[in-house]
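Shown next: work-v2.pdb, given as PDB, C-alpha atoms.
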```
ATOM      1  CA  MET A   1      -0.114  10.968  13.014
ATOM      2  CA  SER A   2      -1.917   7.685  12.841
ATOM      3  CA  ALA A   3      -5.635   7.094  13.037
ATOM      4  CA  PHE A   4      -5.120   3.560  14.344
ATOM      5  CA  ARG A   5      -4.241   5.042  17.725
ATOM      6  CA  THR A   6      -7.802   6.345  18.049
ATOM      7  CA  ASN A   7     -10.783   4.400  19.318
ATOM      8  CA  ASP A   8     -12.694   4.813  16.051
ATOM      9  CA  PRO A   9     -14.296   1.395  15.359
ATOM     10  CA  ARG A  10     -13.879   1.923  11.609
ATOM     11  CA  ILE A  11     -10.106   1.512  11.953
ATOM     12  CA  SER A  12     -10.208  -2.082  13.223
ATOM     13  CA  ALA A  13     -12.786  -2.972  10.545
ATOM     14  CA  ILE A  14     -10.501  -1.535   7.848
ATOM     15  CA  GLN A  15      -7.466  -3.361   9.211
ATOM     16  CA  SER A  16      -9.349  -6.663   9.317
ATOM     17  CA  ARG A  17     -10.102  -6.331   5.580
ATOM     18  CA  ILE A  18      -6.438  -6.072   4.509
ATOM     19  CA  ARG A  19      -4.982  -9.411   3.454
ATOM     20  CA  VAL A  20      -1.298 -10.164   4.030
ATOM     21  CA  VAL A  21       0.355 -12.251   1.307
ATOM     22  CA  PRO A  22       3.683 -13.699   2.480
ATOM     23  CA  ASN A  23       6.657 -13.889   0.100
ATOM     24  CA  PHE A  24       5.123 -11.661  -2.575
ATOM     25  CA  PRO A  25       6.458 -10.284  -4.884
ATOM     26  CA  LYS A  26       9.638 -11.941  -3.607
ATOM     27  CA  PRO A  27      10.739 -14.003  -0.605
ATOM     28  CA  GLY A  28      10.704 -12.133   2.703
ATOM     29  CA  ILE A  29       8.125  -9.524   1.657
ATOM     30  CA  ARG A  30       4.757  -9.488   3.445
ATOM     31  CA  PHE A  31       2.567  -7.847   0.792
ATOM     32  CA  GLN A  32      -0.280  -5.763   2.195
ATOM     33  CA  ASP A  33      -3.157  -6.483  -0.217
ATOM     34  CA  ILE A  34      -5.864  -3.787  -0.240
ATOM     35  CA  THR A  35      -7.965  -5.577  -2.894
ATOM     36  CA  THR A  36      -9.770  -7.423  -0.085
ATOM     37  CA  LEU A  37     -10.590  -4.027   1.486
ATOM     38  CA  LEU A  38     -12.088  -2.877  -1.818
ATOM     39  CA  LEU A  39     -14.407  -5.895  -1.851
ATOM     40  CA  ASP A  40     -16.140  -4.584   1.273
ATOM     41  CA  PRO A  41     -18.134  -1.467   0.293
ATOM     42  CA  LYS A  42     -18.572  -0.307   3.900
ATOM     43  CA  ALA A  43     -14.887  -0.682   4.793
ATOM     44  CA  PHE A  44     -13.867   1.012   1.532
ATOM     45  CA  LYS A  45     -16.295   3.895   2.170
ATOM     46  CA  ASP A  46     -15.080   4.198   5.773
ATOM     47  CA  THR A  47     -11.503   4.444   4.473
ATOM     48  CA  ILE A  48     -12.412   7.313   2.152
ATOM     49  CA  ASP A  49     -14.572   8.976   4.828
ATOM     50  CA  LEU A  50     -11.724   8.995   7.373
ATOM     51  CA  PHE A  51      -9.467  10.809   4.914
ATOM     52  CA  VAL A  52     -12.202  13.236   3.880
ATOM     53  CA  GLU A  53     -12.963  14.062   7.526
ATOM     54  CA  ARG A  54      -9.303  14.915   8.046
ATOM     55  CA  TYR A  55      -8.815  17.013   4.896
ATOM     56  CA  LYS A  56     -12.151  18.680   4.129
ATOM     57  CA  SER A  57     -11.290  21.906   5.960
ATOM     58  CA  LYS A  58      -7.569  22.157   5.072
ATOM     59  CA  ASN A  59      -7.990  24.195   1.872
ATOM     60  CA  ILE A  60      -6.281  21.552  -0.298
ATOM     61  CA  SER A  61      -6.450  22.274  -4.027
ATOM     62  CA  VAL A  62      -4.561  19.212  -5.334
ATOM     63  CA  VAL A  63      -4.790  15.554  -4.407
ATOM     64  CA  ALA A  64      -1.900  13.714  -6.055
ATOM     65  CA  GLY A  65      -2.345   9.957  -6.289
ATOM     66  CA  ILE A  66       0.557   7.598  -6.841
ATOM     67  CA  GLU A  67       0.133   4.888  -9.480
ATOM     68  CA  ALA A  68      -1.552   2.534  -9.140
ATOM     69  CA  ARG A  69      -3.284   2.176  -5.793
ATOM     70  CA  GLY A  70      -3.176   5.896  -5.067
ATOM     71  CA  PHE A  71      -5.535   6.136  -8.060
ATOM     72  CA  ILE A  72      -8.117   4.152  -6.079
ATOM     73  CA  PHE A  73      -8.145   6.384  -2.996
ATOM     74  CA  GLY A  74      -7.153   9.779  -4.414
ATOM     75  CA  PRO A  75     -10.047  10.595  -6.783
ATOM     76  CA  PRO A  76     -12.899  10.063  -4.296
ATOM     77  CA  ILE A  77     -11.011  12.100  -1.688
ATOM     78  CA  ALA A  78     -10.400  14.882  -4.226
ATOM     79  CA  LEU A  79     -14.049  14.974  -5.290
ATOM     80  CA  ALA A  80     -15.289  15.037  -1.696
ATOM     81  CA  ILE A  81     -13.022  17.929  -0.656
ATOM     82  CA  GLY A  82     -13.412  19.933  -3.872
ATOM     83  CA  ALA A  83      -9.838  19.486  -5.121
ATOM     84  CA  LYS A  84      -8.443  18.416  -8.473
ATOM     85  CA  PHE A  85      -6.849  15.003  -8.850
ATOM     86  CA  VAL A  86      -3.359  14.749 -10.365
ATOM     87  CA  PRO A  87      -2.072  11.280 -11.286
ATOM     88  CA  LEU A  88       1.590  10.546 -10.613
ATOM     89  CA  ARG A  89       2.397   7.874 -13.189
ATOM     90  CA  LYS A  90       5.021   5.288 -14.006
ATOM     91  CA  PRO A  91       7.379   6.244 -16.871
ATOM     92  CA  LYS A  92       6.059   6.779 -20.402
ATOM     93  CA  LYS A  93       2.364   6.670 -19.446
ATOM     94  CA  LEU A  94       1.687  10.403 -19.820
ATOM     95  CA  PRO A  95       1.686  12.217 -23.171
ATOM     96  CA  GLY A  96       3.401  15.589 -23.400
ATOM     97  CA  LYS A  97       6.017  17.245 -21.186
ATOM     98  CA  VAL A  98       6.529  15.737 -17.756
ATOM     99  CA  PHE A  99       8.493  16.221 -14.585
ATOM    100  CA  ARG A 100      10.376  13.000 -13.808
ATOM    101  CA  GLN A 101      11.655  11.714 -10.453
ATOM    102  CA  GLU A 102      13.572   8.462  -9.877
ATOM    103  CA  TYR A 103      13.554   6.781  -6.460
ATOM    104  CA  ASP A 104      14.479   3.627  -4.546
ATOM    105  CA  LEU A 105      11.957   1.066  -3.357
ATOM    106  CA  GLU A 106      12.041  -1.609  -0.689
ATOM    107  CA  TYR A 107      12.953  -4.118  -3.429
ATOM    108  CA  GLY A 108      14.328  -2.132  -6.391
ATOM    109  CA  SER A 109      14.015   1.294  -7.992
ATOM    110  CA  ASP A 110      11.378   3.097 -10.038
ATOM    111  CA  CYS A 111      10.336   6.465 -11.409
ATOM    112  CA  LEU A 112       7.289   8.747 -11.217
ATOM    113  CA  GLU A 113       6.172  11.332 -13.754
ATOM    114  CA  MET A 114       3.696  14.210 -13.603
ATOM    115  CA  HIS A 115       2.460  16.461 -16.394
ATOM    116  CA  VAL A 116       4.105  19.859 -16.551
ATOM    117  CA  GLY A 117       1.290  22.349 -15.843
ATOM    118  CA  ALA A 118      -0.873  19.927 -13.841
ATOM    119  CA  VAL A 119       0.013  21.813 -10.667
ATOM    120  CA  GLU A 120       0.356  25.572 -10.369
ATOM    121  CA  PRO A 121       2.836  27.357  -8.077
ATOM    122  CA  GLY A 122       1.330  27.994  -4.653
ATOM    123  CA  GLU A 123      -1.237  25.198  -4.781
ATOM    124  CA  ARG A 124      -1.743  23.212  -1.587
ATOM    125  CA  ALA A 125      -1.247  19.487  -2.163
ATOM    126  CA  LEU A 126      -1.993  16.194  -0.477
ATOM    127  CA  VAL A 127      -0.130  13.052  -1.610
ATOM    128  CA  VAL A 128      -2.143   9.816  -1.405
ATOM    129  CA  ASP A 129      -1.026   6.200  -1.682
ATOM    130  CA  ASP A 130      -2.110   2.886  -0.231
ATOM    131  CA  LEU A 131       1.055   2.195   1.751
ATOM    132  CA  ILE A 132       4.295   3.649   3.049
ATOM    133  CA  ALA A 133       7.204   1.224   3.314
ATOM    134  CA  THR A 134      10.665   2.779   2.901
ATOM    135  CA  GLY A 135       9.231   6.199   1.991
ATOM    136  CA  GLY A 136      10.948   6.445  -1.395
ATOM    137  CA  THR A 137       7.743   6.708  -3.412
ATOM    138  CA  LEU A 138       6.269   9.424  -1.196
ATOM    139  CA  CYS A 139       9.533  11.393  -1.307
ATOM    140  CA  ALA A 140       9.552  11.194  -5.110
ATOM    141  CA  ALA A 141       5.932  12.379  -5.220
ATOM    142  CA  MET A 142       6.666  15.318  -2.919
ATOM    143  CA  ASN A 143       9.708  16.263  -5.028
ATOM    144  CA  LEU A 144       7.599  16.319  -8.205
ATOM    145  CA  LEU A 145       4.944  18.540  -6.635
ATOM    146  CA  GLU A 146       7.462  20.897  -5.037
ATOM    147  CA  ARG A 147       9.383  21.242  -8.322
ATOM    148  CA  ALA A 148       6.116  22.475  -9.836
ATOM    149  CA  GLY A 149       5.792  25.029  -7.024
ATOM    150  CA  ALA A 150       3.145  23.296  -4.896
ATOM    151  CA  GLU A 151       3.199  23.246  -1.119
ATOM    152  CA  VAL A 152       2.841  19.642   0.058
ATOM    153  CA  LEU A 153       0.821  19.785   3.271
ATOM    154  CA  GLU A 154       0.782  16.112   4.138
ATOM    155  CA  CYS A 155       1.038  12.567   2.863
ATOM    156  CA  ALA A 156      -1.794  10.105   3.491
ATOM    157  CA  CYS A 157      -1.634   6.312   3.326
ATOM    158  CA  VAL A 158      -3.973   3.533   4.326
ATOM    159  CA  ILE A 159      -1.140   1.357   5.688
ATOM    160  CA  GLU A 160       2.280   1.958   7.248
ATOM    161  CA  ILE A 161       5.040  -0.623   7.671
ATOM    162  CA  PRO A 162       6.775   1.012  10.658
ATOM    163  CA  ASP A 163       9.715  -1.434  10.709
ATOM    164  CA  LEU A 164      10.942  -0.016   7.381
ATOM    165  CA  LYS A 165      11.135   3.513   8.852
ATOM    166  CA  GLY A 166       9.729   5.265   5.788
ATOM    167  CA  ARG A 167       8.289   8.032   7.943
ATOM    168  CA  GLU A 168      11.844   9.070   8.865
ATOM    169  CA  ARG A 169      12.693   9.699   5.179
ATOM    170  CA  LEU A 170       9.942  12.299   4.813
ATOM    171  CA  ASN A 171      12.125  15.024   6.379
ATOM    172  CA  GLY A 172       9.486  16.037   8.909
ATOM    173  CA  LYS A 173       6.601  16.231   6.404
ATOM    174  CA  PRO A 174       3.421  15.120   8.170
ATOM    175  CA  LEU A 175       2.178  11.617   7.419
ATOM    176  CA  PHE A 176      -1.317  10.387   8.251
ATOM    177  CA  VAL A 177      -2.006   6.646   8.146
ATOM    178  CA  LEU A 178      -5.038   4.614   9.061
ATOM    179  CA  VAL A 179      -3.474   1.265  10.074
ATOM    180  CA  ASP A 180      -0.164  -0.396  10.841
ATOM    181  CA  SER A 181       0.898  -3.397   8.747
ATOM    182  CA  GLN A 182      -0.212  -6.756  10.019
TER     183      GLN A 182
END
```
Whole structure given in C-alpha coordinates:
Amino acid sequence: MSAFRTNDPRISAIQSRIRVVPNFPKPGIRFQDITTLLLDPKAFKDTIDLFVERYKSKNISVVAGIEARGFIFGPPIALAIGAKFVPLRKPKKLPGKVFRQEYDLEYGSDCLEMHVGAVEPGERALVVDDLIATGGTLCAAMNLLERAGAEVLECACVIEIPDLKGRERLNGKPLFVLVDSQ
(Lines of atoms letter the chains of each structure in order from A and count residues from 1; the text may use other names and numbers.)
(Lines give C-alpha, C1' and ligand atoms only; values in the text may rest on other atoms or scores of the structure.)
Protein backbone atom coordinates (compact mmCIF):
# COMPACT_ATOMS: atom_id res chain seq x y z
CA MET A 1 0.00 0.00 0.00
CA SER A 2 1.12 3.51 -0.70
CA ALA A 3 -0.01 6.67 1.01
CA PHE A 4 0.84 8.77 -2.04
CA ARG A 5 -2.31 7.44 -3.71
CA THR A 6 -4.41 9.23 -1.09
CA ASN A 7 -5.50 12.85 -1.20
CA ASP A 8 -3.73 13.68 2.06
CA PRO A 9 -2.05 17.09 1.47
CA ARG A 10 0.85 16.08 3.73
CA ILE A 11 2.06 13.60 1.11
CA SER A 12 2.75 16.19 -1.61
CA ALA A 13 4.46 18.44 0.96
CA ILE A 14 6.71 15.55 2.03
CA GLN A 15 7.54 14.65 -1.56
CA SER A 16 8.42 18.26 -2.39
CA ARG A 17 11.01 18.25 0.43
CA ILE A 18 12.99 15.27 -0.93
CA ARG A 19 15.96 16.33 -3.04
CA VAL A 20 17.12 14.16 -5.94
CA VAL A 21 20.89 14.08 -6.48
CA PRO A 22 21.78 12.69 -9.92
CA ASN A 23 24.80 10.41 -10.35
CA PHE A 24 25.34 9.81 -6.64
CA PRO A 25 26.98 7.69 -5.28
CA LYS A 26 27.85 6.56 -8.81
CA PRO A 27 26.81 7.40 -12.38
CA GLY A 28 23.23 6.48 -13.25
CA ILE A 29 21.92 6.55 -9.66
CA ARG A 30 19.32 9.18 -8.73
CA PHE A 31 19.91 9.46 -4.98
CA GLN A 32 16.80 10.30 -2.97
CA ASP A 33 18.11 12.69 -0.29
CA ILE A 34 15.89 12.89 2.81
CA THR A 35 18.18 15.39 4.59
CA THR A 36 16.21 18.21 2.95
CA LEU A 37 13.01 16.70 4.41
CA LEU A 38 14.60 16.74 7.87
CA LEU A 39 15.30 20.46 7.54
CA ASP A 40 11.56 21.15 7.45
CA PRO A 41 10.15 20.46 10.94
CA LYS A 42 6.54 20.33 9.73
CA ALA A 43 7.26 17.94 6.85
CA PHE A 44 9.40 15.76 9.13
CA LYS A 45 6.66 15.69 11.79
CA ASP A 46 4.03 14.92 9.14
CA THR A 47 6.17 11.99 7.96
CA ILE A 48 6.33 10.54 11.47
CA ASP A 49 2.63 11.27 12.09
CA LEU A 50 1.55 9.38 8.95
CA PHE A 51 3.41 6.28 10.10
CA VAL A 52 2.13 6.59 13.67
CA GLU A 53 -1.47 6.93 12.43
CA ARG A 54 -1.06 3.70 10.48
CA TYR A 55 0.62 1.65 13.23
CA LYS A 56 -0.71 2.94 16.56
CA SER A 57 -3.46 0.32 16.80
CA LYS A 58 -1.60 -2.68 15.30
CA ASN A 59 -0.16 -4.02 18.57
CA ILE A 60 3.45 -3.72 17.36
CA SER A 61 6.04 -4.42 20.06
CA VAL A 62 9.23 -3.89 18.00
CA VAL A 63 10.19 -1.20 15.53
CA ALA A 64 13.39 -2.25 13.78
CA GLY A 65 15.26 0.56 12.06
CA ILE A 66 17.84 -0.06 9.37
CA GLU A 67 21.14 1.82 9.64
CA ALA A 68 21.44 4.67 9.09
CA ARG A 69 18.33 6.49 7.93
CA GLY A 70 15.97 4.00 9.54
CA PHE A 71 17.46 5.31 12.81
CA ILE A 72 15.95 8.72 12.02
CA PHE A 73 12.37 7.53 11.49
CA GLY A 74 12.20 4.40 13.66
CA PRO A 75 12.72 5.78 17.19
CA PRO A 76 10.01 8.47 17.09
CA ILE A 77 7.56 5.96 15.61
CA ALA A 78 8.46 3.42 18.31
CA LEU A 79 8.03 5.95 21.11
CA ALA A 80 4.68 7.16 19.75
CA ILE A 81 3.21 3.65 19.45
CA GLY A 82 4.69 2.30 22.70
CA ALA A 83 7.13 -0.15 21.10
CA LYS A 84 10.82 -0.78 21.65
CA PHE A 85 13.33 0.29 19.03
CA VAL A 86 15.86 -2.26 17.75
CA PRO A 87 18.72 -0.98 15.58
CA LEU A 88 19.79 -3.14 12.65
CA ARG A 89 23.44 -2.19 12.19
CA LYS A 90 26.25 -2.47 9.68
CA PRO A 91 28.89 -5.12 10.53
CA LYS A 92 31.02 -4.82 13.68
CA LYS A 93 29.04 -1.93 15.20
CA LEU A 94 27.30 -3.95 17.92
CA PRO A 95 29.11 -5.47 20.91
CA GLY A 96 28.23 -9.01 21.94
CA LYS A 97 26.53 -11.84 20.06
CA VAL A 98 24.68 -10.90 16.90
CA PHE A 99 22.57 -12.39 14.16
CA ARG A 100 24.15 -11.56 10.80
CA GLN A 101 22.52 -11.34 7.36
CA GLU A 102 24.29 -10.53 4.08
CA TYR A 103 22.35 -9.09 1.13
CA ASP A 104 22.67 -7.49 -2.31
CA LEU A 105 22.10 -3.81 -2.98
CA GLU A 106 21.29 -1.84 -6.10
CA TYR A 107 25.02 -1.09 -6.44
CA GLY A 108 26.91 -3.70 -4.38
CA SER A 109 26.42 -5.91 -1.33
CA ASP A 110 26.29 -5.35 2.42
CA CYS A 111 25.39 -6.95 5.73
CA LEU A 112 23.09 -6.20 8.68
CA GLU A 113 23.49 -7.33 12.27
CA MET A 114 21.12 -7.41 15.24
CA HIS A 115 21.85 -8.25 18.87
CA VAL A 116 20.88 -11.75 19.92
CA GLY A 117 18.14 -11.27 22.54
CA ALA A 118 16.97 -7.87 21.26
CA VAL A 119 13.81 -9.49 19.94
CA GLU A 120 11.85 -12.23 21.68
CA PRO A 121 9.98 -15.04 19.90
CA GLY A 122 6.41 -14.04 19.13
CA GLU A 123 7.00 -10.29 19.12
CA ARG A 124 5.22 -8.30 16.42
CA ALA A 125 7.67 -6.23 14.37
CA LEU A 126 7.66 -3.33 11.96
CA VAL A 127 10.74 -2.71 9.77
CA VAL A 128 11.47 0.95 9.00
CA ASP A 129 13.83 2.51 6.47
CA ASP A 130 13.91 5.66 4.39
CA LEU A 131 13.73 3.96 0.99
CA ILE A 132 13.08 0.72 -0.83
CA ALA A 133 15.04 0.21 -4.05
CA THR A 134 15.79 -3.42 -4.94
CA GLY A 135 14.37 -4.73 -1.64
CA GLY A 136 17.56 -6.47 -0.52
CA THR A 137 17.96 -4.46 2.68
CA LEU A 138 14.35 -4.98 3.77
CA CYS A 139 14.60 -8.72 3.04
CA ALA A 140 17.76 -8.95 5.15
CA ALA A 141 16.04 -7.08 7.99
CA MET A 142 13.00 -9.37 7.87
CA ASN A 143 15.28 -12.44 7.87
CA LEU A 144 17.08 -11.21 10.99
CA LEU A 145 13.84 -10.59 12.86
CA GLU A 146 12.26 -13.87 11.79
CA ARG A 147 15.39 -15.82 12.80
CA ALA A 148 14.89 -14.37 16.28
CA GLY A 149 11.28 -15.58 16.25
CA ALA A 150 9.51 -12.27 15.57
CA GLU A 151 6.51 -11.93 13.29
CA VAL A 152 7.20 -9.16 10.78
CA LEU A 153 3.86 -7.47 10.14
CA GLU A 154 4.94 -4.91 7.59
CA CYS A 155 7.78 -2.85 6.19
CA ALA A 156 7.51 0.95 6.08
CA CYS A 157 9.54 3.35 3.95
CA VAL A 158 9.30 7.02 3.16
CA ILE A 159 10.23 6.50 -0.52
CA GLU A 160 9.84 3.72 -3.08
CA ILE A 161 11.70 3.44 -6.39
CA PRO A 162 9.09 1.34 -8.23
CA ASP A 163 11.24 0.80 -11.34
CA LEU A 164 13.65 -1.36 -9.30
CA LYS A 165 10.81 -3.72 -8.29
CA GLY A 166 11.94 -4.13 -4.69
CA ARG A 167 8.37 -4.71 -3.56
CA GLU A 168 8.33 -7.95 -5.58
CA ARG A 169 11.28 -9.33 -3.56
CA LEU A 170 9.37 -9.07 -0.28
CA ASN A 171 7.53 -12.36 -0.93
CA GLY A 172 4.10 -10.85 -0.31
CA LYS A 173 5.04 -9.08 2.94
CA PRO A 174 3.08 -5.83 3.13
CA LEU A 175 4.96 -2.64 2.32
CA PHE A 176 3.70 0.84 3.17
CA VAL A 177 5.38 3.84 1.52
CA LEU A 178 4.60 7.52 1.60
CA VAL A 179 5.95 8.69 -1.79
CA ASP A 180 7.27 7.42 -5.10
CA SER A 181 10.77 8.45 -6.17
CA GLN A 182 11.01 11.63 -8.17
Could you tell me, as a list in words, exactly which residues end up selected when the PyMOL selection byres ((chain A and resi 155) around 7) is applied to this structure? Leu126, Val127, Val128, Glu154, Ala156, Cys157, Pro174, Leu175 and Phe176 of chain A
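CA of Thr134 (chain A) lies 13.6 Å from CA of Arg30 (chain A).
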Apply the PyMOL selection byres ((chain A and resi 65-68) around 12) to the displayed file and report the matching residues as a VMD selection string. chain A and resid 34 62 to 64 69 to 78 84 to 91 93 to 94 110 to 114 125 to 132 136 to 142 144 to 145 155 to 157
Given the choices A:Phe31, A:Thr36, A:Ile60, A:Leu170, which gets closest to Arg17 (chain A) if the distance is worked out from all atoms listed in the file? A:Thr36
Distance criterion (all atoms listed in the file): nearest to Phe44 (chain A) out of A:Val21, A:Ala80, A:Val177, A:Val158: A:Val158
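Interatomic distance, CA of Ser57 (chain A) against CA of Ala150 (chain A): 18.1 Å.
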Hits of the PyMOL selection byres ((chain A and resi 122) around 8) in this structure, as a PyMOL selection string: chain A and resi 120-121+123-124+149-151
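Distances to Asn59 (chain A) were evaluated for A:Gly82, A:Lys42, A:Ile161, A:Ser109 using only C-alpha atoms, and the minimum falls at A:Gly82.
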Please list as a ChimeraX atom specification every residue within 9 Å of Ala13 (chain A), counting all atoms listed in the file and excluding residues in the same chain fewer than 3 positions away. /A:9-10,16-17,43,46
CA of Leu50 (chain A) to CA of Leu153 (chain A), distance in Å rounded to a single decimal: 17.0 Å
